[in-house]
Structures are given as structure tokens and as C-alpha cells.
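This is coords30.pdb (PDB, N, CA and C atoms).
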```pdb
ATOM      1  N   MET F   1       0.852  -1.187   0.000
ATOM      2  CA  MET F   1       0.000   0.000   0.000
ATOM      3  C   MET F   1       0.888   1.236   0.000
ATOM      4  N   GLN F   2       0.444   2.273  -0.678
ATOM      5  CA  GLN F   2       1.176   3.523  -0.775
ATOM      6  C   GLN F   2       0.255   4.671  -0.372
ATOM      7  N   THR F   3       0.807   5.655   0.339
ATOM      8  CA  THR F   3       0.004   6.787   0.789
ATOM      9  C   THR F   3       0.528   8.079   0.169
ATOM     10  N   ILE F   4      -0.384   8.825  -0.443
ATOM     11  CA  ILE F   4      -0.060  10.114  -1.064
ATOM     12  C   ILE F   4      -0.737  11.215  -0.247
ATOM     13  N   TYR F   5       0.013  12.279   0.034
ATOM     14  CA  TYR F   5      -0.523  13.462   0.706
ATOM     15  C   TYR F   5      -0.708  14.550  -0.339
ATOM     16  N   ALA F   6      -1.867  15.200  -0.313
ATOM     17  CA  ALA F   6      -2.119  16.312  -1.237
ATOM     18  C   ALA F   6      -2.792  17.449  -0.476
ATOM     19  N   ARG F   7      -2.413  18.673  -0.789
ATOM     20  CA  ARG F   7      -3.065  19.851  -0.209
ATOM     21  C   ARG F   7      -3.994  20.432  -1.268
ATOM     22  N   LEU F   8      -5.251  20.634  -0.886
ATOM     23  CA  LEU F   8      -6.281  21.092  -1.809
ATOM     24  C   LEU F   8      -6.763  22.481  -1.415
ATOM     25  N   GLU F   9      -7.121  23.296  -2.403
ATOM     26  CA  GLU F   9      -7.545  24.675  -2.141
ATOM     27  C   GLU F   9      -9.022  24.816  -1.805
ATOM     28  N   LYS F  10      -9.886  24.047  -2.446
ATOM     29  CA  LYS F  10     -11.309  24.331  -2.348
ATOM     30  C   LYS F  10     -12.130  23.226  -1.693
ATOM     31  N   GLY F  11     -11.573  22.494  -0.787
ATOM     32  CA  GLY F  11     -12.323  21.513  -0.015
ATOM     33  C   GLY F  11     -13.032  20.453  -0.822
ATOM     34  N   MET F  12     -14.355  20.366  -0.660
ATOM     35  CA  MET F  12     -15.131  19.306  -1.286
ATOM     36  C   MET F  12     -15.087  19.348  -2.807
ATOM     37  N   ASP F  13     -15.083  20.520  -3.402
ATOM     38  CA  ASP F  13     -14.983  20.611  -4.862
ATOM     39  C   ASP F  13     -13.676  19.977  -5.353
ATOM     40  N   SER F  14     -12.587  20.286  -4.679
ATOM     41  CA  SER F  14     -11.291  19.712  -5.033
ATOM     42  C   SER F  14     -11.282  18.212  -4.787
ATOM     43  N   PHE F  15     -11.879  17.788  -3.683
ATOM     44  CA  PHE F  15     -11.952  16.369  -3.343
ATOM     45  C   PHE F  15     -12.646  15.584  -4.460
ATOM     46  N   ILE F  16     -13.737  16.116  -4.958
ATOM     47  CA  ILE F  16     -14.481  15.451  -6.029
ATOM     48  C   ILE F  16     -13.651  15.391  -7.305
ATOM     49  N   ARG F  17     -12.916  16.458  -7.614
ATOM     50  CA  ARG F  17     -12.056  16.453  -8.806
ATOM     51  C   ARG F  17     -10.958  15.391  -8.684
ATOM     52  N   VAL F  18     -10.344  15.316  -7.508
ATOM     53  CA  VAL F  18      -9.273  14.337  -7.284
ATOM     54  C   VAL F  18      -9.813  12.913  -7.404
ATOM     55  N   THR F  19     -10.909  12.625  -6.716
ATOM     56  CA  THR F  19     -11.453  11.266  -6.746
ATOM     57  C   THR F  19     -11.929  10.885  -8.150
ATOM     58  N   SER F  20     -12.541  11.822  -8.854
ATOM     59  CA  SER F  20     -12.995  11.544 -10.219
ATOM     60  C   SER F  20     -11.816  11.256 -11.146
ATOM     61  N   THR F  21     -10.765  12.023 -11.014
ATOM     62  CA  THR F  21      -9.579  11.824 -11.852
ATOM     63  C   THR F  21      -8.956  10.458 -11.598
ATOM     64  N   LEU F  22      -8.774  10.105 -10.334
ATOM     65  CA  LEU F  22      -8.159   8.824 -10.008
ATOM     66  C   LEU F  22      -9.057   7.655 -10.422
ATOM     67  N   ARG F  23     -10.347   7.821 -10.288
ATOM     68  CA  ARG F  23     -11.282   6.762 -10.685
ATOM     69  C   ARG F  23     -11.267   6.561 -12.205
ATOM     70  N   ARG F  24     -11.276   7.663 -12.954
ATOM     71  CA  ARG F  24     -11.228   7.573 -14.418
ATOM     72  C   ARG F  24      -9.960   6.878 -14.901
ATOM     73  N   ARG F  25      -8.860   7.129 -14.202
ATOM     74  CA  ARG F  25      -7.570   6.533 -14.575
ATOM     75  C   ARG F  25      -7.401   5.118 -14.011
ATOM     76  N   GLU F  26      -8.429   4.627 -13.314
ATOM     77  CA  GLU F  26      -8.504   3.261 -12.801
ATOM     78  C   GLU F  26      -7.414   2.909 -11.792
ATOM     79  N   PHE F  27      -7.116   3.828 -10.887
ATOM     80  CA  PHE F  27      -6.226   3.519  -9.774
ATOM     81  C   PHE F  27      -7.022   2.771  -8.710
ATOM     82  N   GLU F  28      -6.395   1.788  -8.070
ATOM     83  CA  GLU F  28      -7.057   1.025  -7.025
ATOM     84  C   GLU F  28      -6.871   1.741  -5.686
ATOM     85  N   ILE F  29      -7.904   2.463  -5.265
ATOM     86  CA  ILE F  29      -7.853   3.252  -4.038
ATOM     87  C   ILE F  29      -8.453   2.429  -2.907
ATOM     88  N   THR F  30      -7.706   2.303  -1.800
ATOM     89  CA  THR F  30      -8.215   1.552  -0.651
ATOM     90  C   THR F  30      -8.764   2.473   0.431
ATOM     91  N   GLY F  31      -8.404   3.757   0.396
ATOM     92  CA  GLY F  31      -8.923   4.686   1.392
ATOM     93  C   GLY F  31      -8.551   6.123   1.091
ATOM     94  N   MET F  32      -9.378   7.041   1.629
ATOM     95  CA  MET F  32      -9.130   8.478   1.478
ATOM     96  C   MET F  32      -9.541   9.178   2.761
ATOM     97  N   ASN F  33      -8.870  10.292   3.033
ATOM     98  CA  ASN F  33      -9.187  11.080   4.206
ATOM     99  C   ASN F  33      -9.017  12.553   3.849
ATOM    100  N   LEU F  34     -10.014  13.381   4.185
ATOM    101  CA  LEU F  34      -9.971  14.813   3.906
ATOM    102  C   LEU F  34     -10.154  15.564   5.218
ATOM    103  N   GLN F  35      -9.253  16.517   5.495
ATOM    104  CA  GLN F  35      -9.319  17.317   6.718
ATOM    105  C   GLN F  35      -9.074  18.781   6.392
ATOM    106  N   ALA F  36      -9.767  19.660   7.096
ATOM    107  CA  ALA F  36      -9.518  21.093   6.950
ATOM    108  C   ALA F  36      -8.214  21.449   7.661
ATOM    109  N   VAL F  37      -7.462  22.363   7.069
ATOM    110  CA  VAL F  37      -6.227  22.855   7.681
ATOM    111  C   VAL F  37      -6.611  23.955   8.664
ATOM    112  N   THR F  38      -6.053  23.932   9.855
ATOM    113  CA  THR F  38      -6.452  24.863  10.905
ATOM    114  C   THR F  38      -5.850  26.250  10.765
ATOM    115  N   SER F  39      -5.011  26.483   9.764
ATOM    116  CA  SER F  39      -4.366  27.790   9.619
ATOM    117  C   SER F  39      -5.319  28.872   9.118
ATOM    118  N   GLY F  40      -6.546  28.513   8.763
ATOM    119  CA  GLY F  40      -7.519  29.501   8.333
ATOM    120  C   GLY F  40      -7.411  29.904   6.875
ATOM    121  N   THR F  41      -6.632  29.186   6.091
ATOM    122  CA  THR F  41      -6.455  29.539   4.685
ATOM    123  C   THR F  41      -7.556  28.983   3.794
ATOM    124  N   GLY F  42      -8.401  28.135   4.342
ATOM    125  CA  GLY F  42      -9.462  27.526   3.550
ATOM    126  C   GLY F  42      -9.016  26.289   2.799
ATOM    127  N   SER F  43      -7.768  25.888   2.994
ATOM    128  CA  SER F  43      -7.280  24.701   2.293
ATOM    129  C   SER F  43      -7.535  23.442   3.119
ATOM    130  N   HIS F  44      -7.401  22.309   2.463
ATOM    131  CA  HIS F  44      -7.652  21.016   3.092
ATOM    132  C   HIS F  44      -6.504  20.067   2.796
ATOM    133  N   GLU F  45      -6.309  19.099   3.684
ATOM    134  CA  GLU F  45      -5.315  18.055   3.492
ATOM    135  C   GLU F  45      -6.027  16.770   3.115
ATOM    136  N   MET F  46      -5.448  16.038   2.177
ATOM    137  CA  MET F  46      -6.034  14.779   1.744
ATOM    138  C   MET F  46      -4.974  13.694   1.755
ATOM    139  N   HIS F  47      -5.326  12.546   2.316
ATOM    140  CA  HIS F  47      -4.463  11.369   2.297
ATOM    141  C   HIS F  47      -5.155  10.315   1.446
ATOM    142  N   ILE F  48      -4.425   9.757   0.493
ATOM    143  CA  ILE F  48      -4.965   8.766  -0.434
ATOM    144  C   ILE F  48      -4.135   7.500  -0.303
ATOM    145  N   GLN F  49      -4.794   6.371   0.003
ATOM    146  CA  GLN F  49      -4.106   5.088   0.084
ATOM    147  C   GLN F  49      -4.381   4.309  -1.201
ATOM    148  N   LEU F  50      -3.291   3.934  -1.878
ATOM    149  CA  LEU F  50      -3.390   3.175  -3.131
ATOM    150  C   LEU F  50      -2.972   1.735  -2.885
ATOM    151  N   GLU F  51      -3.666   0.818  -3.540
ATOM    152  CA  GLU F  51      -3.358  -0.605  -3.456
ATOM    153  C   GLU F  51      -2.092  -0.901  -4.248
ATOM    154  N   GLY F  52      -1.313  -1.872  -3.785
ATOM    155  CA  GLY F  52      -0.133  -2.324  -4.516
ATOM    156  C   GLY F  52       1.151  -1.716  -3.991
ATOM    157  N   SER F  53       2.254  -2.339  -4.393
ATOM    158  CA  SER F  53       3.561  -1.870  -3.938
ATOM    159  C   SER F  53       4.445  -1.387  -5.087
ATOM    160  N   ASN F  54       3.925  -1.363  -6.295
ATOM    161  CA  ASN F  54       4.683  -0.886  -7.442
ATOM    162  C   ASN F  54       4.866   0.629  -7.328
ATOM    163  N   PRO F  55       6.113   1.118  -7.237
ATOM    164  CA  PRO F  55       6.339   2.563  -7.080
ATOM    165  C   PRO F  55       5.835   3.391  -8.260
ATOM    166  N   ASP F  56       5.716   2.776  -9.437
ATOM    167  CA  ASP F  56       5.210   3.498 -10.602
ATOM    168  C   ASP F  56       3.745   3.896 -10.429
ATOM    169  N   THR F  57       2.991   3.123  -9.648
ATOM    170  CA  THR F  57       1.580   3.428  -9.431
ATOM    171  C   THR F  57       1.427   4.777  -8.742
ATOM    172  N   ALA F  58       2.149   4.982  -7.650
ATOM    173  CA  ALA F  58       2.074   6.254  -6.924
ATOM    174  C   ALA F  58       2.605   7.400  -7.778
ATOM    175  N   THR F  59       3.663   7.157  -8.515
ATOM    176  CA  THR F  59       4.232   8.190  -9.378
ATOM    177  C   THR F  59       3.233   8.625 -10.442
ATOM    178  N   ARG F  60       2.558   7.657 -11.072
ATOM    179  CA  ARG F  60       1.567   7.983 -12.088
ATOM    180  C   ARG F  60       0.385   8.740 -11.484
ATOM    181  N   ALA F  61      -0.055   8.333 -10.294
ATOM    182  CA  ALA F  61      -1.164   9.026  -9.627
ATOM    183  C   ALA F  61      -0.776  10.466  -9.303
ATOM    184  N   MET F  62       0.435  10.666  -8.815
ATOM    185  CA  MET F  62       0.898  12.009  -8.476
ATOM    186  C   MET F  62       1.002  12.883  -9.732
ATOM    187  N   GLN F  63       1.411  12.307 -10.847
ATOM    188  CA  GLN F  63       1.479  13.061 -12.093
ATOM    189  C   GLN F  63       0.093  13.509 -12.538
ATOM    190  N   GLN F  64      -0.914  12.669 -12.335
ATOM    191  CA  GLN F  64      -2.283  13.047 -12.679
ATOM    192  C   GLN F  64      -2.780  14.173 -11.773
ATOM    193  N   LEU F  65      -2.451  14.105 -10.480
ATOM    194  CA  LEU F  65      -2.906  15.127  -9.531
ATOM    195  C   LEU F  65      -2.217  16.469  -9.775
ATOM    196  N   GLU F  66      -0.971  16.444 -10.241
ATOM    197  CA  GLU F  66      -0.248  17.689 -10.532
ATOM    198  C   GLU F  66      -0.941  18.520 -11.606
ATOM    199  N   LYS F  67      -1.708  17.889 -12.462
ATOM    200  CA  LYS F  67      -2.402  18.586 -13.543
ATOM    201  C   LYS F  67      -3.618  19.366 -13.048
ATOM    202  N   LEU F  68      -4.104  19.048 -11.854
ATOM    203  CA  LEU F  68      -5.305  19.699 -11.339
ATOM    204  C   LEU F  68      -4.962  21.046 -10.710
ATOM    205  N   VAL F  69      -5.729  22.059 -11.032
ATOM    206  CA  VAL F  69      -5.493  23.420 -10.551
ATOM    207  C   VAL F  69      -5.660  23.520  -9.029
ATOM    208  N   ASP F  70      -6.606  22.792  -8.464
ATOM    209  CA  ASP F  70      -6.912  22.898  -7.032
ATOM    210  C   ASP F  70      -5.868  22.260  -6.126
ATOM    211  N   VAL F  71      -4.996  21.430  -6.674
ATOM    212  CA  VAL F  71      -3.990  20.732  -5.876
ATOM    213  C   VAL F  71      -2.731  21.592  -5.828
ATOM    214  N   THR F  72      -2.341  22.009  -4.611
ATOM    215  CA  THR F  72      -1.197  22.913  -4.482
ATOM    216  C   THR F  72       0.089  22.215  -4.058
ATOM    217  N   PHE F  73      -0.012  21.019  -3.464
ATOM    218  CA  PHE F  73       1.179  20.315  -2.987
ATOM    219  C   PHE F  73       0.878  18.823  -2.983
ATOM    220  N   ILE F  74       1.846  18.010  -3.435
ATOM    221  CA  ILE F  74       1.687  16.555  -3.462
ATOM    222  C   ILE F  74       2.987  15.923  -2.958
ATOM    223  N   GLU F  75       2.833  14.854  -2.148
ATOM    224  CA  GLU F  75       4.010  14.177  -1.618
ATOM    225  C   GLU F  75       3.677  12.699  -1.383
ATOM    226  N   LEU F  76       4.620  11.810  -1.670
ATOM    227  CA  LEU F  76       4.471  10.400  -1.347
ATOM    228  C   LEU F  76       4.937  10.212   0.092
ATOM    229  N   LEU F  77       4.024   9.814   0.974
ATOM    230  CA  LEU F  77       4.363   9.692   2.386
ATOM    231  C   LEU F  77       5.021   8.374   2.724
ATOM    232  N   LYS F  78       4.428   7.258   2.302
ATOM    233  CA  LYS F  78       5.021   5.979   2.666
ATOM    234  C   LYS F  78       4.627   4.901   1.679
ATOM    235  N   GLU F  79       5.493   3.912   1.631
ATOM    236  CA  GLU F  79       5.232   2.720   0.830
ATOM    237  C   GLU F  79       5.381   1.522   1.735
ATOM    238  N   GLU F  80       4.387   0.662   1.724
ATOM    239  CA  GLU F  80       4.448  -0.574   2.503
ATOM    240  C   GLU F  80       4.433  -1.752   1.550
ATOM    241  N   VAL F  81       5.297  -2.686   1.799
ATOM    242  CA  VAL F  81       5.399  -3.865   0.927
ATOM    243  C   VAL F  81       4.428  -4.925   1.380
TER     244      VAL F  81
END
```
Hey, can you dump this file as C-alpha cells for me?
Amino acid sequence: MQTIYARLEKGMDSFIRVTSTLRRREFEITGMNLQAVTSGTGSHEMHIQLEGSNPDTATRAMQQLEKLVDVTFIELLKEEV
């Protein structure tokens, strides 16, 4: 399993764009979590758990998320074998 962290600008609207993009590209998602950032900027943090241990899977997912305007930061947090 691999976990990707993404910072989103517009909350639920951004969440729907991210999930729709990953679903269309047929990534196997095992879990997602969305939280508001307490700094008052209106942004949200999202954690996405992807099935599999192939590092190319997370890389491809991150490349798809980079194309979205609402996503301001993306990072691969962990990979579990």
C-alpha cells in the first residue's frame, strides 16, 4: 500500500475532482481522508491510500494530480510492501 498526501484549495470541490480523476484513470484506491487545515487559509489536506507496492503506481497518480489546478502540494508519504 502507498500513501499520497495532497493539499487542496477548495475543499469538497477539489476532493471530487481528485477522486474523479483517479477513478477515471482506474487507480485502485483503498482509502481516502480529507481534513480542513487549521491555519484559516481555507485549504484542506487529503491522504490517499493506493493498493499495490509498485512505485510506478504512486508516481503515475501524483502526475495526474499535478495537472489539477486545485492541488497545491503533493508528496508520497510511505510505501508498505
- Task: Using the chain letters and numbering of this document, enumerate as JSON, numbers by chain the residues selected by the PyMOL selection byres ((chain F and resi 1-14) around 8).
- Result: {"F": [15, 16, 17, 18, 19, 20, 34, 35, 36, 41, 42, 43, 44, 45, 46, 47, 48, 49, 50, 51, 52, 53, 54, 58, 62, 69, 70, 71, 72, 73, 74, 75, 76, 77, 78, 79, 80, 81]}
If I wrap all listed atoms of stretch 6-11 of chain F in a box with edges along x, y and z and add 5 Å on each side, what are its centre and edge lengths in Å to one decimal, as AutoDock Vina command-line options?
```
--center_x -7.4 --center_y 20.0 --center_z -1.2 --size_x 21.2 --size_y 19.6 --size_z 12.4
```
- To one decimal place, how far is atom N of F:Lys67 from atom N of F:Asn33 in Å?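 Answer for the atom N of F:Lys67 to atom N of F:Asn33 separation: 18.7 Å.
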- Query: In Å, with one decimal, what is the gap from atom N of F:Leu65 to atom N of F:Thr21?
  - Reply: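 Interatomic distance here is 8.6 Å.
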- Message: Give me, as number ranges by chain, the residues of chain F that a backbone DSSP run labels alpha helix (DSSP H).
- Response: F: 12-24, 55-66
- Item | Members of chain F assigned strand (DSSP E or B) by DSSP, as a VMD selection string | chain F and resid 2 to 8 29 to 36 44 to 50 71 to 79
Could the residues in this selection be saved with N, CA and C atoms as a compact mmCIF listing (two decimals), in the coordinates of the input?
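What landed in result13.txt:
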```txt
# COMPACT_ATOMS: atom_id res chain seq x y z
N GLN F 2 0.44 2.27 -0.68
CA GLN F 2 1.18 3.52 -0.78
C GLN F 2 0.26 4.67 -0.37
N THR F 3 0.81 5.66 0.34
CA THR F 3 0.00 6.79 0.79
C THR F 3 0.53 8.08 0.17
N ILE F 4 -0.38 8.82 -0.44
CA ILE F 4 -0.06 10.11 -1.06
C ILE F 4 -0.74 11.22 -0.25
N TYR F 5 0.01 12.28 0.03
CA TYR F 5 -0.52 13.46 0.71
C TYR F 5 -0.71 14.55 -0.34
N ALA F 6 -1.87 15.20 -0.31
CA ALA F 6 -2.12 16.31 -1.24
C ALA F 6 -2.79 17.45 -0.48
N ARG F 7 -2.41 18.67 -0.79
CA ARG F 7 -3.06 19.85 -0.21
C ARG F 7 -3.99 20.43 -1.27
N LEU F 8 -5.25 20.63 -0.89
CA LEU F 8 -6.28 21.09 -1.81
C LEU F 8 -6.76 22.48 -1.42
N ILE F 29 -7.90 2.46 -5.26
CA ILE F 29 -7.85 3.25 -4.04
C ILE F 29 -8.45 2.43 -2.91
N THR F 30 -7.71 2.30 -1.80
CA THR F 30 -8.22 1.55 -0.65
C THR F 30 -8.76 2.47 0.43
N GLY F 31 -8.40 3.76 0.40
CA GLY F 31 -8.92 4.69 1.39
C GLY F 31 -8.55 6.12 1.09
N MET F 32 -9.38 7.04 1.63
CA MET F 32 -9.13 8.48 1.48
C MET F 32 -9.54 9.18 2.76
N ASN F 33 -8.87 10.29 3.03
CA ASN F 33 -9.19 11.08 4.21
C ASN F 33 -9.02 12.55 3.85
N LEU F 34 -10.01 13.38 4.18
CA LEU F 34 -9.97 14.81 3.91
C LEU F 34 -10.15 15.56 5.22
N GLN F 35 -9.25 16.52 5.50
CA GLN F 35 -9.32 17.32 6.72
C GLN F 35 -9.07 18.78 6.39
N ALA F 36 -9.77 19.66 7.10
CA ALA F 36 -9.52 21.09 6.95
C ALA F 36 -8.21 21.45 7.66
N HIS F 44 -7.40 22.31 2.46
CA HIS F 44 -7.65 21.02 3.09
C HIS F 44 -6.50 20.07 2.80
N GLU F 45 -6.31 19.10 3.68
CA GLU F 45 -5.32 18.06 3.49
C GLU F 45 -6.03 16.77 3.12
N MET F 46 -5.45 16.04 2.18
CA MET F 46 -6.03 14.78 1.74
C MET F 46 -4.97 13.69 1.76
N HIS F 47 -5.33 12.55 2.32
CA HIS F 47 -4.46 11.37 2.30
C HIS F 47 -5.16 10.32 1.45
N ILE F 48 -4.42 9.76 0.49
CA ILE F 48 -4.96 8.77 -0.43
C ILE F 48 -4.14 7.50 -0.30
N GLN F 49 -4.79 6.37 0.00
CA GLN F 49 -4.11 5.09 0.08
C GLN F 49 -4.38 4.31 -1.20
N LEU F 50 -3.29 3.93 -1.88
CA LEU F 50 -3.39 3.18 -3.13
C LEU F 50 -2.97 1.74 -2.88
N VAL F 71 -5.00 21.43 -6.67
CA VAL F 71 -3.99 20.73 -5.88
C VAL F 71 -2.73 21.59 -5.83
N THR F 72 -2.34 22.01 -4.61
CA THR F 72 -1.20 22.91 -4.48
C THR F 72 0.09 22.22 -4.06
N PHE F 73 -0.01 21.02 -3.46
CA PHE F 73 1.18 20.32 -2.99
C PHE F 73 0.88 18.82 -2.98
N ILE F 74 1.85 18.01 -3.44
CA ILE F 74 1.69 16.56 -3.46
C ILE F 74 2.99 15.92 -2.96
N GLU F 75 2.83 14.85 -2.15
CA GLU F 75 4.01 14.18 -1.62
C GLU F 75 3.68 12.70 -1.38
N LEU F 76 4.62 11.81 -1.67
CA LEU F 76 4.47 10.40 -1.35
C LEU F 76 4.94 10.21 0.09
N LEU F 77 4.02 9.81 0.97
CA LEU F 77 4.36 9.69 2.39
C LEU F 77 5.02 8.37 2.72
N LYS F 78 4.43 7.26 2.30
CA LYS F 78 5.02 5.98 2.67
C LYS F 78 4.63 4.90 1.68
N GLU F 79 5.49 3.91 1.63
CA GLU F 79 5.23 2.72 0.83
C GLU F 79 5.38 1.52 1.74
```
- For the atom pair atom C of F:Ala61 and atom N of F:Thr38, what is the interatomic distance in Å to one decimal place?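 If I compute the distance from atom C of F:Ala61 to atom N of F:Thr38, I get 24.0 Å.
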